[in-house]
file model28.txt (compact mmCIF, C-alpha atoms and all ligand atoms)
# COMPACT_ATOMS: atom_id res chain seq x y z
CA MET B 26 -4.21 28.24 0.91
CA THR B 27 -0.86 30.07 1.23
CA VAL B 28 0.78 30.51 -2.14
CA SER B 29 4.16 32.20 -2.00
CA VAL B 30 5.19 34.44 -4.87
CA PRO B 31 8.41 33.00 -6.26
CA ASP B 32 11.48 35.20 -5.91
CA MET B 33 13.76 34.47 -8.85
CA THR B 34 16.91 34.09 -6.71
CA HIS B 35 15.52 31.73 -4.04
CA PRO B 36 12.10 30.63 -5.22
CA ILE B 37 9.91 29.10 -2.53
CA PRO B 38 7.45 26.39 -3.54
CA PRO B 39 3.75 26.90 -2.81
CA ILE B 40 2.86 25.86 0.76
CA PHE B 41 -0.28 23.90 1.61
CA THR B 42 -1.87 22.57 4.77
CA LYS B 43 -2.68 18.86 5.04
CA ALA B 44 -6.38 19.70 5.00
CA GLU B 45 -6.04 21.65 1.75
CA LEU B 46 -4.14 18.82 0.10
CA ASP B 47 -6.65 16.23 1.36
CA ALA B 48 -9.60 18.24 0.07
CA ASP B 49 -8.68 17.76 -3.60
CA PRO B 50 -5.21 16.27 -4.13
CA HIS B 51 -5.62 15.52 -7.83
CA ALA B 52 -6.68 19.07 -8.69
CA ILE B 53 -3.78 20.61 -6.72
CA TYR B 54 -1.17 18.27 -8.18
CA HIS B 55 -2.59 18.76 -11.69
CA HIS B 56 -2.45 22.55 -11.35
CA TYR B 57 1.11 22.72 -10.04
CA ARG B 58 2.89 19.79 -11.72
CA ASP B 59 4.14 21.73 -14.74
CA ARG B 60 4.67 24.94 -12.74
CA VAL B 61 6.87 23.73 -9.85
CA PRO B 62 8.76 20.47 -9.19
CA PHE B 63 7.47 20.16 -5.63
CA LEU B 64 5.07 21.63 -3.07
CA LYS B 65 5.86 22.25 0.57
CA ARG B 66 3.53 21.08 3.31
CA GLU B 67 2.93 23.17 6.43
CA ASP B 68 4.80 20.55 8.53
CA GLY B 69 7.97 20.98 6.47
CA ALA B 70 7.60 17.92 4.18
CA TYR B 71 8.19 18.39 0.44
CA LEU B 72 5.88 16.67 -2.06
CA VAL B 73 7.70 15.81 -5.31
CA LEU B 74 5.21 15.92 -8.18
CA ARG B 75 6.73 14.83 -11.49
CA ALA B 76 7.16 11.22 -12.61
CA ARG B 77 10.77 11.66 -13.72
CA ASP B 78 11.85 13.26 -10.44
CA VAL B 79 9.95 10.70 -8.35
CA GLN B 80 11.58 7.84 -10.25
CA ASP B 81 15.05 9.38 -9.90
CA LEU B 82 14.68 10.12 -6.20
CA LEU B 83 13.42 6.63 -5.35
CA SER B 84 17.00 5.42 -5.65
CA ASP B 85 19.26 8.42 -5.38
CA THR B 86 22.17 9.14 -3.11
CA ARG B 87 20.55 12.46 -2.11
CA THR B 88 17.78 10.59 -0.27
CA ARG B 89 17.52 7.68 2.11
CA GLN B 90 14.58 5.79 3.57
CA MET B 91 13.06 7.28 6.71
CA GLU B 92 14.08 5.30 9.78
CA THR B 93 12.43 6.24 13.08
CA GLU B 94 12.03 9.92 12.15
CA LEU B 95 8.32 9.61 11.31
CA LEU B 96 7.50 7.91 14.61
CA VAL B 97 9.56 10.36 16.63
CA ALA B 98 7.81 13.25 14.85
CA ASN B 99 4.55 11.72 16.12
CA GLY B 100 5.90 11.50 19.69
CA ILE B 101 6.41 7.69 19.58
CA THR B 102 9.86 6.94 21.00
CA SER B 103 9.32 3.59 22.75
CA GLY B 104 6.74 0.80 23.09
CA PRO B 105 5.57 -1.93 20.72
CA LEU B 106 5.01 0.30 17.65
CA TYR B 107 8.47 1.77 18.02
CA GLU B 108 9.96 -1.70 18.50
CA LEU B 109 8.20 -2.93 15.36
CA MET B 110 9.07 -0.04 13.08
CA SER B 111 12.68 0.33 14.24
CA ASN B 112 13.24 -3.36 13.45
CA SER B 113 11.36 -3.42 10.14
CA LEU B 114 12.82 -3.68 6.64
CA LEU B 115 10.44 -0.92 5.57
CA TYR B 116 12.23 1.69 7.69
CA ALA B 117 15.83 0.55 7.23
CA ASN B 118 18.71 1.47 4.94
CA GLY B 119 21.75 -0.10 3.34
CA ASP B 120 23.05 -3.34 4.73
CA VAL B 121 20.50 -3.51 7.55
CA HIS B 122 17.72 -3.31 4.97
CA ARG B 123 19.35 -5.92 2.75
CA ARG B 124 19.78 -8.40 5.63
CA ARG B 125 16.15 -7.99 6.67
CA ARG B 126 14.69 -8.22 3.16
CA GLN B 127 16.82 -10.95 1.65
CA PRO B 128 15.34 -13.97 3.50
CA LEU B 129 11.88 -12.99 2.20
CA THR B 130 12.68 -12.14 -1.40
CA ARG B 131 12.49 -15.58 -3.00
CA ALA B 132 9.26 -16.57 -1.27
CA PHE B 133 7.50 -13.44 -2.56
CA ALA B 134 8.81 -13.64 -6.13
CA PHE B 135 6.21 -13.63 -8.95
CA LYS B 136 6.85 -17.29 -9.78
CA MET B 137 6.35 -18.49 -6.21
CA MET B 138 3.25 -16.38 -5.68
CA ALA B 139 1.60 -17.68 -8.86
CA GLU B 140 1.04 -20.98 -7.05
CA LEU B 141 -1.26 -19.17 -4.64
CA ARG B 142 -3.63 -17.91 -7.35
CA PRO B 143 -6.08 -20.86 -7.22
CA LYS B 144 -6.33 -20.51 -3.43
CA VAL B 145 -7.06 -16.78 -3.66
CA ARG B 146 -9.63 -17.49 -6.39
CA ASN B 147 -11.41 -20.06 -4.18
CA LEU B 148 -11.35 -17.68 -1.24
CA ALA B 149 -12.96 -14.85 -3.27
CA HIS B 150 -15.67 -17.19 -4.59
CA ASP B 151 -16.32 -18.65 -1.11
CA LEU B 152 -16.79 -15.17 0.34
CA LEU B 153 -19.29 -14.30 -2.39
CA ASN B 154 -21.12 -17.61 -2.01
CA ASN B 155 -21.48 -16.99 1.72
CA SER B 156 -23.12 -13.61 1.12
CA PHE B 157 -25.03 -14.53 -2.03
CA ARG B 158 -28.44 -15.01 -0.41
CA ASN B 159 -28.18 -11.64 1.37
CA GLY B 160 -28.48 -9.79 -1.93
CA GLY B 161 -25.87 -7.26 -0.88
CA MET B 162 -22.89 -6.55 1.38
CA ARG B 163 -20.54 -4.00 2.85
CA LEU B 164 -17.79 -4.56 0.31
CA LYS B 165 -14.94 -3.15 2.41
CA GLU B 166 -15.63 -5.08 5.59
CA GLU B 167 -17.14 -8.29 4.26
CA TYR B 168 -15.00 -8.83 1.16
CA ALA B 169 -12.06 -6.46 0.61
CA ALA B 170 -10.73 -6.74 4.18
CA LEU B 171 -10.94 -10.52 4.25
CA ILE B 172 -9.08 -11.36 1.05
CA PRO B 173 -5.65 -10.01 2.15
CA ALA B 174 -6.08 -11.05 5.80
CA ILE B 175 -7.16 -14.63 5.08
CA THR B 176 -4.55 -15.02 2.33
CA ILE B 177 -1.67 -13.93 4.56
CA ALA B 178 -3.09 -16.06 7.40
CA ALA B 179 -3.03 -19.04 5.02
CA ILE B 180 0.57 -18.28 3.95
CA LEU B 181 1.61 -18.15 7.61
CA GLY B 182 -0.37 -21.26 8.55
CA VAL B 183 -2.65 -19.47 11.02
CA PRO B 184 -5.28 -21.92 12.31
CA ARG B 185 -8.67 -21.18 10.72
CA GLN B 186 -10.41 -20.45 14.04
CA GLU B 187 -7.85 -17.73 14.85
CA VAL B 188 -8.33 -15.85 11.57
CA PRO B 189 -11.08 -13.44 12.81
CA HIS B 190 -8.92 -12.39 15.79
CA PHE B 191 -5.87 -12.14 13.53
CA THR B 192 -7.83 -9.96 11.07
CA ARG B 193 -8.97 -7.58 13.84
CA LEU B 194 -5.39 -7.17 15.10
CA VAL B 195 -3.99 -6.60 11.63
CA TYR B 196 -6.32 -3.72 10.80
CA GLU B 197 -5.82 -2.12 14.20
CA VAL B 198 -2.02 -2.16 13.85
CA SER B 199 -1.90 -1.23 10.17
CA LYS B 200 -3.40 2.20 10.97
CA ILE B 201 0.15 3.26 11.87
CA LEU B 202 1.13 3.16 8.18
CA THR B 203 -1.69 5.54 7.26
CA THR B 204 -2.02 9.26 7.87
CA SER B 205 -5.55 8.95 9.23
CA TRP B 206 -5.10 7.74 12.84
CA THR B 207 -5.69 10.02 15.82
CA ARG B 208 -3.94 10.33 19.21
CA ASP B 209 -6.85 8.73 21.09
CA GLU B 210 -6.52 5.62 18.89
CA LEU B 211 -2.88 5.16 19.88
CA PRO B 212 -3.37 3.06 23.07
CA ALA B 213 -5.53 0.53 21.18
CA MET B 214 -2.99 0.46 18.32
CA GLU B 215 -0.13 -0.12 20.79
CA ALA B 216 -2.05 -2.93 22.52
CA ALA B 217 -2.88 -4.60 19.19
CA THR B 218 0.76 -4.30 18.10
CA ARG B 219 1.91 -5.99 21.31
CA ASP B 220 -0.60 -8.82 20.70
CA LEU B 221 0.36 -9.24 17.05
CA ILE B 222 4.07 -9.38 17.92
CA THR B 223 3.49 -11.94 20.71
CA TRP B 224 1.26 -13.95 18.48
CA THR B 225 3.86 -13.97 15.64
CA GLU B 226 6.61 -14.90 18.14
CA GLU B 227 4.55 -17.93 19.19
CA LEU B 228 3.93 -18.96 15.60
CA ILE B 229 7.67 -18.77 14.87
CA SER B 230 8.57 -20.70 18.05
CA GLU B 231 6.17 -23.45 17.01
CA ARG B 232 7.96 -23.76 13.65
CA ARG B 233 11.31 -23.95 15.43
CA ARG B 234 9.93 -26.79 17.56
CA SER B 235 8.35 -28.68 14.66
CA TRP B 236 9.11 -28.19 10.99
CA THR B 237 5.98 -28.27 8.81
CA GLY B 238 7.65 -27.41 5.50
CA ASP B 239 5.43 -24.33 5.01
CA PHE B 240 6.51 -20.74 4.24
CA LEU B 241 7.20 -19.89 7.88
CA SER B 242 9.21 -23.09 8.55
CA GLU B 243 11.45 -22.31 5.58
CA TYR B 244 11.79 -18.67 6.60
CA VAL B 245 12.81 -19.60 10.14
CA ALA B 246 15.31 -22.17 8.87
CA ARG B 247 16.78 -19.64 6.43
CA VAL B 248 17.25 -16.86 9.00
CA ASP B 249 18.60 -19.26 11.62
CA ASP B 250 21.10 -20.76 9.14
CA ALA B 251 22.28 -17.38 7.84
CA GLY B 252 22.51 -15.86 11.32
CA GLU B 253 22.39 -12.37 9.81
CA ILE B 254 19.39 -11.02 11.73
CA SER B 255 18.36 -11.27 15.38
CA SER B 256 15.34 -13.29 16.45
CA THR B 257 13.50 -10.02 17.18
CA GLU B 258 14.21 -8.85 13.63
CA ALA B 259 12.99 -12.19 12.26
CA VAL B 260 9.64 -11.69 14.02
CA MET B 261 9.33 -8.04 12.97
CA GLN B 262 9.82 -8.81 9.26
CA ILE B 263 6.87 -11.19 9.38
CA VAL B 264 4.75 -8.57 11.16
CA SER B 265 5.88 -6.03 8.52
CA VAL B 266 4.75 -8.33 5.72
CA ILE B 267 1.39 -8.80 7.43
CA LEU B 268 0.95 -5.03 7.71
CA GLY B 269 2.33 -4.09 4.29
CA GLY B 270 -0.23 -6.29 2.60
CA SER B 271 -3.42 -5.53 4.50
CA ASP B 272 -4.69 -1.92 4.41
CA THR B 273 -3.16 -1.32 0.97
CA THR B 274 -4.85 -4.29 -0.68
CA ARG B 275 -8.15 -3.78 1.15
CA ALA B 276 -8.31 -0.19 -0.08
CA ALA B 277 -7.35 -1.14 -3.64
CA ILE B 278 -10.11 -3.79 -3.87
CA VAL B 279 -12.71 -1.21 -2.81
CA VAL B 280 -11.30 1.42 -5.18
CA GLN B 281 -11.23 -0.76 -8.29
CA THR B 282 -14.80 -1.97 -7.68
CA GLY B 283 -16.07 1.54 -6.96
CA LEU B 284 -14.42 3.09 -10.01
CA LEU B 285 -15.88 0.45 -12.33
CA LEU B 286 -19.38 0.52 -10.82
CA ASP B 287 -19.37 4.29 -11.30
CA ARG B 288 -18.78 3.67 -15.01
CA ARG B 289 -21.28 1.01 -15.97
CA GLU B 290 -19.99 0.52 -19.51
CA LEU B 291 -16.52 -0.34 -18.15
CA TRP B 292 -17.98 -2.69 -15.55
CA ASN B 293 -19.98 -4.45 -18.28
CA ALA B 294 -16.86 -4.67 -20.46
CA CYS B 295 -14.98 -6.41 -17.61
CA CYS B 296 -17.91 -8.81 -17.10
CA ALA B 297 -17.81 -9.69 -20.79
CA ASP B 298 -14.04 -10.09 -21.12
CA GLN B 299 -11.97 -11.72 -18.35
CA LEU B 300 -8.73 -10.40 -19.81
CA LEU B 301 -9.84 -6.81 -19.24
CA ASN B 302 -9.94 -7.37 -15.47
CA GLN B 303 -6.15 -7.35 -15.22
CA ALA B 304 -5.96 -4.08 -17.16
CA ALA B 305 -8.70 -2.58 -14.97
CA VAL B 306 -6.74 -3.46 -11.81
CA LEU B 307 -3.64 -1.64 -13.06
CA GLU B 308 -5.61 1.38 -14.25
CA ALA B 309 -7.41 1.65 -10.89
CA LEU B 310 -4.04 1.54 -9.11
CA ARG B 311 -2.82 4.37 -11.35
CA TYR B 312 -5.93 6.51 -11.26
CA GLU B 313 -6.82 6.31 -7.57
CA PRO B 314 -3.90 4.61 -5.80
CA ALA B 315 -4.16 3.03 -2.35
CA VAL B 316 -0.70 4.45 -1.59
CA GLY B 317 -0.24 8.10 -2.52
CA SER B 318 3.45 8.60 -1.81
CA VAL B 319 6.57 6.99 -0.40
CA PRO B 320 8.61 8.73 2.29
CA ARG B 321 12.28 9.59 2.11
CA LEU B 322 14.68 11.92 3.91
CA ALA B 323 16.82 14.42 1.98
CA ILE B 324 20.41 13.79 3.07
CA SER B 325 21.80 16.58 0.92
CA ASP B 326 20.21 19.57 -0.79
CA ILE B 327 18.05 18.55 -3.74
CA CYS B 328 17.85 21.26 -6.41
CA ILE B 329 15.35 21.00 -9.24
CA ASP B 330 14.52 23.88 -11.63
CA GLY B 331 16.02 26.42 -9.24
CA TYR B 332 13.96 25.21 -6.25
CA THR B 333 15.72 23.55 -3.31
CA ILE B 334 14.71 20.89 -0.81
CA PRO B 335 17.15 21.50 2.07
CA ALA B 336 19.12 18.55 3.49
CA GLY B 337 17.34 17.07 6.51
CA SER B 338 13.82 17.64 5.12
CA PRO B 339 11.22 14.88 4.88
CA VAL B 340 10.42 14.18 1.23
CA LEU B 341 7.20 12.58 0.00
CA LEU B 342 7.62 11.13 -3.48
CA ALA B 343 4.07 11.67 -4.68
CA THR B 344 3.43 8.60 -6.80
CA ILE B 345 -0.24 9.70 -6.87
CA SER B 346 0.81 12.81 -8.81
CA SER B 347 3.39 11.02 -10.99
CA MET B 348 0.80 8.55 -12.19
CA ARG B 349 -1.20 11.43 -13.64
CA ASP B 350 1.84 13.06 -15.23
CA PRO B 351 1.07 13.71 -18.92
CA SER B 352 4.72 13.12 -19.81
CA ILE B 353 4.07 9.42 -19.13
CA PHE B 354 0.31 8.95 -19.57
CA GLN B 355 -1.80 10.40 -22.32
CA ASP B 356 -5.02 12.01 -20.98
CA PRO B 357 -3.97 11.11 -17.44
CA MET B 358 -7.15 12.47 -15.83
CA VAL B 359 -9.22 9.89 -17.73
CA PHE B 360 -9.87 6.45 -16.23
CA ASP B 361 -9.12 4.29 -19.26
CA ILE B 362 -8.86 0.53 -18.79
CA HIS B 363 -7.60 0.13 -22.35
CA ARG B 364 -4.45 2.23 -21.94
CA GLU B 365 -0.98 0.71 -22.05
CA GLN B 366 0.51 0.37 -18.57
CA PRO B 367 4.20 0.52 -17.60
CA ARG B 368 5.87 -2.82 -16.87
CA TRP B 369 6.68 -1.77 -13.30
CA PRO B 370 3.77 0.29 -11.99
CA LEU B 371 4.94 3.24 -9.89
CA VAL B 372 2.22 2.56 -7.31
CA PHE B 373 4.51 -0.15 -5.88
CA GLY B 374 7.40 2.29 -5.47
CA GLY B 375 10.89 1.62 -6.83
CA GLY B 376 14.51 1.04 -5.92
CA GLU B 377 15.59 -1.12 -3.00
CA HIS B 378 12.28 -0.77 -1.17
CA ARG B 379 10.02 -1.58 -4.13
CA CYS B 380 7.00 -3.44 -2.77
CA LEU B 381 7.92 -6.94 -1.69
CA GLY B 382 4.32 -8.06 -2.06
CA GLU B 383 3.61 -6.73 -5.56
CA ALA B 384 3.06 -10.17 -7.09
CA LEU B 385 0.73 -11.24 -4.29
CA ALA B 386 -1.13 -7.91 -4.34
CA ARG B 387 -1.76 -8.17 -8.07
CA ILE B 388 -3.07 -11.72 -7.73
CA GLU B 389 -5.40 -10.70 -4.89
CA LEU B 390 -6.69 -7.66 -6.76
CA GLU B 391 -7.23 -9.57 -10.01
CA GLU B 392 -8.97 -12.49 -8.34
CA ALA B 393 -11.11 -10.18 -6.18
CA LEU B 394 -12.33 -8.37 -9.29
CA LEU B 395 -12.73 -11.49 -11.43
CA ALA B 396 -14.89 -13.22 -8.83
CA LEU B 397 -17.20 -10.19 -8.74
CA THR B 398 -17.43 -9.65 -12.50
CA MET B 399 -17.83 -13.36 -13.27
CA THR B 400 -20.45 -14.19 -10.64
CA LEU B 401 -22.26 -10.89 -9.99
CA PRO B 402 -22.51 -9.00 -13.31
CA ASP B 403 -25.57 -7.15 -11.99
CA LEU B 404 -23.59 -5.80 -9.01
CA GLN B 405 -24.46 -2.18 -8.27
CA LEU B 406 -23.83 0.55 -5.72
CA ALA B 407 -26.38 0.49 -2.93
CA GLY B 408 -25.19 3.62 -1.12
CA ALA B 409 -22.72 6.45 -1.57
CA PRO B 410 -20.25 6.18 -4.47
CA LEU B 411 -16.55 5.54 -3.92
CA ARG B 412 -14.97 7.91 -1.36
CA VAL B 413 -11.14 7.92 -1.12
CA HIS B 414 -9.32 10.30 1.21
CA GLY B 415 -5.72 11.36 1.59
CA HIS B 416 -3.04 13.02 -0.51
CA ALA B 417 -0.03 10.88 0.58
CA GLY B 418 0.93 7.64 2.32
CA ILE B 419 -1.65 4.87 2.59
CA ARG B 420 -5.00 6.43 1.72
CA ARG B 421 -8.34 5.88 3.46
CA VAL B 422 -11.35 4.42 1.72
CA GLU B 423 -14.86 4.54 3.12
CA GLU B 424 -17.27 1.60 3.18
CA LEU B 425 -18.87 0.78 -0.17
CA GLU B 426 -22.37 -0.71 0.06
CA VAL B 427 -23.22 -2.92 -2.90
CA SER B 428 -26.18 -5.08 -3.90
CA TRP B 429 -27.08 -7.58 -6.61
C1 LIG B 501 -2.30 -2.54 -3.57
C2 LIG B 501 -1.43 -3.13 -2.79
C3 LIG B 501 -0.09 -2.60 -2.42
C4 LIG B 501 0.50 -1.39 -2.69
C5 LIG B 501 -0.09 -0.22 -3.48
C6 LIG B 501 1.82 -1.40 -2.09
C7 LIG B 501 2.73 -0.37 -2.18
C8 LIG B 501 3.98 -0.40 -1.63
C9 LIG B 501 4.97 0.63 -1.78
C10 LIG B 501 4.77 1.94 -2.54
C11 LIG B 501 6.08 0.25 -1.10
C12 LIG B 501 7.40 1.01 -1.00
C13 LIG B 501 7.52 1.82 0.26
C14 LIG B 501 8.75 2.69 0.30
O1 LIG B 501 9.54 2.72 -0.65
O2 LIG B 501 8.91 3.38 1.30
C15 LIG B 501 5.80 -1.04 -0.51
C16 LIG B 501 6.68 -1.74 0.28
C17 LIG B 501 6.37 -2.94 0.89
N1 LIG B 501 5.25 -3.70 0.68
FE1 LIG B 501 3.67 -3.22 -0.48
N2 LIG B 501 1.99 -2.60 -1.45
C18 LIG B 501 0.87 -3.37 -1.65
C19 LIG B 501 0.67 -4.67 -1.22
C20 LIG B 501 1.56 -5.41 -0.49
C21 LIG B 501 1.39 -6.80 -0.10
C22 LIG B 501 0.22 -7.69 -0.51
C23 LIG B 501 2.46 -7.13 0.70
C24 LIG B 501 2.82 -8.42 1.37
C25 LIG B 501 2.06 -9.42 1.58
C26 LIG B 501 3.30 -5.96 0.79
C27 LIG B 501 4.46 -5.88 1.51
C28 LIG B 501 5.34 -4.84 1.45
C29 LIG B 501 6.59 -4.80 2.20
C30 LIG B 501 7.08 -5.88 3.20
C31 LIG B 501 7.23 -3.61 1.84
C32 LIG B 501 8.58 -3.11 2.36
C33 LIG B 501 9.65 -3.45 1.34
C34 LIG B 501 10.99 -2.87 1.71
O3 LIG B 501 11.05 -1.88 2.44
O4 LIG B 501 11.98 -3.42 1.24
N3 LIG B 501 2.74 -4.95 0.04
N4 LIG B 501 4.52 -1.42 -0.86
call {"tool": "encode", "arguments": {"input": "model28.txt", "output": "structure tokens", "more": "lines below"}}
Ligand code: HEM
result
Amino acid sequence: MTVSVPDMTHPIPPIFTKAELDADPHAIYHHYRDRVPFLKREDGAYLVLRARDVQDLLSDTRTRQMETELLVANGITSGPLYELMSNSLLYANGDVHRRRRQPLTRAFAFKMMAELRPKVRNLAHDLLNNSFRNGGMRLKEEYAALIPAITIAAILGVPRQEVPHFTRLVYEVSKILTTSWTRDELPAMEAATRDLITWTEELISERRRSWTGDFLSEYVARVDDAGEISSTEAVMQIVSVILGGSDTTRAAIVVQTGLLLDRRELWNACCADQLLNQAAVLEALRYEPAVGSVPRLAISDICIDGYTIPAGSPVLLATISSMRDPSIFQDPMVFDIHREQPRWPLVFGGGEHRCLGEALARIELEEALLALTMTLPDLQLAGAPLRVHGHAGIRRVEELEVSW
């Protein structure tokens, strides 16, 4: 660990390697949060620690969303991943972002998503029924991965027999949004991205040929009528939605189950009181979030408490640290499903890019937990306890073996 001694005229924030931050992010953030406003990472990125600063910088004229900078920094300057990300709402700013996001906004609103709840509930129960006789399962692969993938497949009208292939592609491509992929995985990720794009193009062409009145038919009609985005952009927003909602939700389902099973009295409380499940979902998202930070680029110097993030630097707004900031949460290091939660949880970001799929994510997480607590109250860990890795971006969760 390299800790610089602050010089009072130009103080330098403590500098950490990725490995050091990954080893124990909560302890490092906890130690430094009231000492310095941000840490610097060895690669030049700044990690903003405090809730107030993170909230301010989410929609601040001194930052903008990253565009292709992250890909270029990883040596990706062409090919399907580049094509996807450079056309996605997630990595766009200003009017381009607005034009890409707007046709999706209404469909993903809380009110519209509420209609999906019974379907997600049935899906969760069906998955458990299918495994019931086995007396146990790999929760990540056999349950958590399938809920978001099958739900989004249903929203898009993917034929049932194509869902397993679709699910495999989705998790291969979604690695790009995490910090845990390696160079040798890149060719397979590129190939899967090409397939997922082609596959989405075909689905959209079908809707153009014959209107079915589903989500995708309406989306295609809306973008064609408005004429504000190209047909490539129309495809890439759908692929972005597919990706945005897969790894994140899969990880969060594993995390919430693991945290509760590690604390039997809280698990039992959720089994006894359905209403507590919703609170447990939000507390799990706060305590051990699936997404640890959101990326931005400093477009002018950002000065906080005498420390400066120079213009041009990558900034990671560390929501993972903010959600344990004692200025917002009492006893933040305690996992407490009875605490009051903010109306707009920071785990879904903020500002123009606030998670488009928040309503759907919360339904999936609540129904995934409810199905487990209502039907398998004797659920228990059958292997290692919950293991979550990563200090920023989408975090990685290891398999969780459970039995009943
Ligand atoms: C636990 C689950 C989830 C978490 C923690 C999460 C978190 C986030 C965060 C923090 C952002 C903001 C990124 C930024 O500002 O750079 C975001 C954006 C986004 N999310 Fe989610 N998300 C989740 C689930 C979903 C789901 C289920 C969907 C869709 C089905 C989805 C689709 C998106 C999209 C399309 C964006 C980009 C929005 C934009 O740039 O305007 N997410 N998400």
call {"tool": "atom_distance", "arguments": {"input": "model28.txt", "atom1": "atom CA of B:Asn159", "atom2": "atom CA of B:Leu401"}}
result
12.8 Å
call {"tool": "closest_residue", "arguments": {"input": "model28.txt", "among": "B:Ile329, B:Ile180, B:Asp220, B:Ala343", "to": "B:Glu140", "atoms": "only C-alpha atoms"}}
result
B:Ile180
call {"tool": "atom_distance", "arguments": {"input": "model28.txt", "atom1": "atom C3 of ligand LIG 501 (chain B)", "atom2": "atom CA of B:Val372"}}
result
7.5 Å
call {"tool": "closest_residue", "arguments": {"input": "model28.txt", "among": "B:Ala386, B:Leu395, B:Val279, B:Val316", "to": "B:Cys296", "atoms": "all atoms listed in the file"}}
result
B:Leu395
call {"tool": "closest_atom_pairs", "arguments": {"input": "model28.txt", "of": "chain B", "to": "ligand LIG 501 (chain B)", "cutoff": "6 Å", "atoms": "only C-alpha atoms and all ligand atoms", "output": "Markdown table"}}
result
| residue | atom | partner | partner_atom | distance |
| --- | --- | --- | --- | --- |
| B:Leu114 | CA | B:LIG501 | O3 | 4.9 |
| B:Leu115 | CA | B:LIG501 | O3 | 3.3 |
| B:Arg126 | CA | B:LIG501 | O4 | 5.8 |
| B:Ser265 | CA | B:LIG501 | C30 | 5.5 |
| B:Val266 | CA | B:LIG501 | C30 | 4.2 |
| B:Ile267 | CA | B:LIG501 | C25 | 5.9 |
| B:Gly269 | CA | B:LIG501 | C27 | 3.9 |
| B:Gly270 | CA | B:LIG501 | C21 | 3.2 |
| B:Thr273 | CA | B:LIG501 | C2 | 4.5 |
| B:Thr274 | CA | B:LIG501 | C2 | 4.2 |
| B:Ala277 | CA | B:LIG501 | C1 | 5.2 |
| B:Ala315 | CA | B:LIG501 | C5 | 5.3 |
| B:Val316 | CA | B:LIG501 | C5 | 5.1 |
| B:Val319 | CA | B:LIG501 | O2 | 4.6 |
| B:Pro320 | CA | B:LIG501 | O2 | 5.4 |
| B:Val372 | CA | B:LIG501 | C5 | 5.3 |
| B:Phe373 | CA | B:LIG501 | C10 | 3.9 |
| B:Gly374 | CA | B:LIG501 | C10 | 4.0 |
| B:His378 | CA | B:LIG501 | O4 | 3.6 |
| B:Arg379 | CA | B:LIG501 | C12 | 4.8 |
| B:Cys380 | CA | B:LIG501 | C16 | 3.5 |
| B:Leu381 | CA | B:LIG501 | C28 | 4.6 |
| B:Gly382 | CA | B:LIG501 | C23 | 3.5 |
| B:Glu383 | CA | B:LIG501 | C20 | 5.6 |
| B:Leu385 | CA | B:LIG501 | C22 | 5.2 |
| B:Ala386 | CA | B:LIG501 | C22 | 4.1 |
call {"tool": "residues_around", "arguments": {"input": "model28.txt", "residues": "stretch 403-416 of chain B", "least_positions_apart": "4", "cutoff": "9 Å", "atoms": "only C-alpha atoms", "output": "NGL selection string"}}
result
:B and (43 or 46-51 or 161-162 or 204-205 or 276 or 279-280 or 282-284 or 286-287 or 289 or 293 or 313 or 315-318 or 343 or 345 or 397-398 or 420-429)
call {"tool": "atom_distance", "arguments": {"input": "model28.txt", "atom1": "atom CA of B:Ala246", "atom2": "atom CA of B:Pro128"}}
result
9.8 Å
call {"tool": "closest_residue", "arguments": {"input": "model28.txt", "among": "B:Ser199, B:Ser325, B:Thr400, B:Asn147", "to": "B:Ala217", "atoms": "all atoms listed in the file"}}
result
B:Ser199
call {"tool": "closest_residue", "arguments": {"input": "model28.txt", "among": "B:Ala384, B:Leu83, B:Cys328, B:Met138", "to": "B:Thr344", "atoms": "only C-alpha atoms"}}
result
B:Leu83
call {"tool": "closest_residue", "arguments": {"input": "model28.txt", "among": "B:Arg349, B:Arg234, B:Arg123, B:His363", "to": "B:Tyr54", "atoms": "all atoms listed in the file"}}
result
B:Arg349
call {"tool": "residues_around", "arguments": {"input": "model28.txt", "residues": "B:Leu300", "least_positions_apart": "5", "cutoff": "10 Å", "atoms": "only C-alpha atoms", "output": "list in words"}}
result
Ala294, Cys295, Ala305, Glu391 and Leu395 of chain B
call {"tool": "residues_around", "arguments": {"input": "model28.txt", "residues": "B:Asp81", "least_positions_apart": "3", "cutoff": "12 Å", "atoms": "all atoms listed in the file", "output": "mmCIF file with C-alpha atoms, keeping the file's coordinate frame"}}
result
data_model
loop_
_atom_site.group_PDB
_atom_site.id
_atom_site.type_symbol
_atom_site.label_atom_id
_atom_site.label_comp_id
_atom_site.auth_asym_id
_atom_site.auth_seq_id
_atom_site.Cartn_x
_atom_site.Cartn_y
_atom_site.Cartn_z
ATOM 1 C CA VAL B 73 7.700 15.810 -5.310
ATOM 2 C CA LEU B 74 5.210 15.920 -8.180
ATOM 3 C CA ARG B 75 6.730 14.830 -11.490
ATOM 4 C CA ALA B 76 7.160 11.220 -12.610
ATOM 5 C CA ARG B 77 10.770 11.660 -13.720
ATOM 6 C CA ASP B 78 11.850 13.260 -10.440
ATOM 7 C CA SER B 84 17.000 5.420 -5.650
ATOM 8 C CA ASP B 85 19.260 8.420 -5.380
ATOM 9 C CA THR B 86 22.170 9.140 -3.110
ATOM 10 C CA ARG B 87 20.550 12.460 -2.110
ATOM 11 C CA THR B 88 17.780 10.590 -0.270
ATOM 12 C CA ILE B 327 18.050 18.550 -3.740
ATOM 13 C CA ILE B 329 15.350 21.000 -9.240
ATOM 14 C CA LEU B 342 7.620 11.130 -3.480
ATOM 15 C CA SER B 347 3.390 11.020 -10.990
ATOM 16 C CA LEU B 371 4.940 3.240 -9.890
ATOM 17 C CA GLY B 374 7.400 2.290 -5.470
ATOM 18 C CA GLY B 375 10.890 1.620 -6.830
ATOM 19 C CA GLY B 376 14.510 1.040 -5.920
#
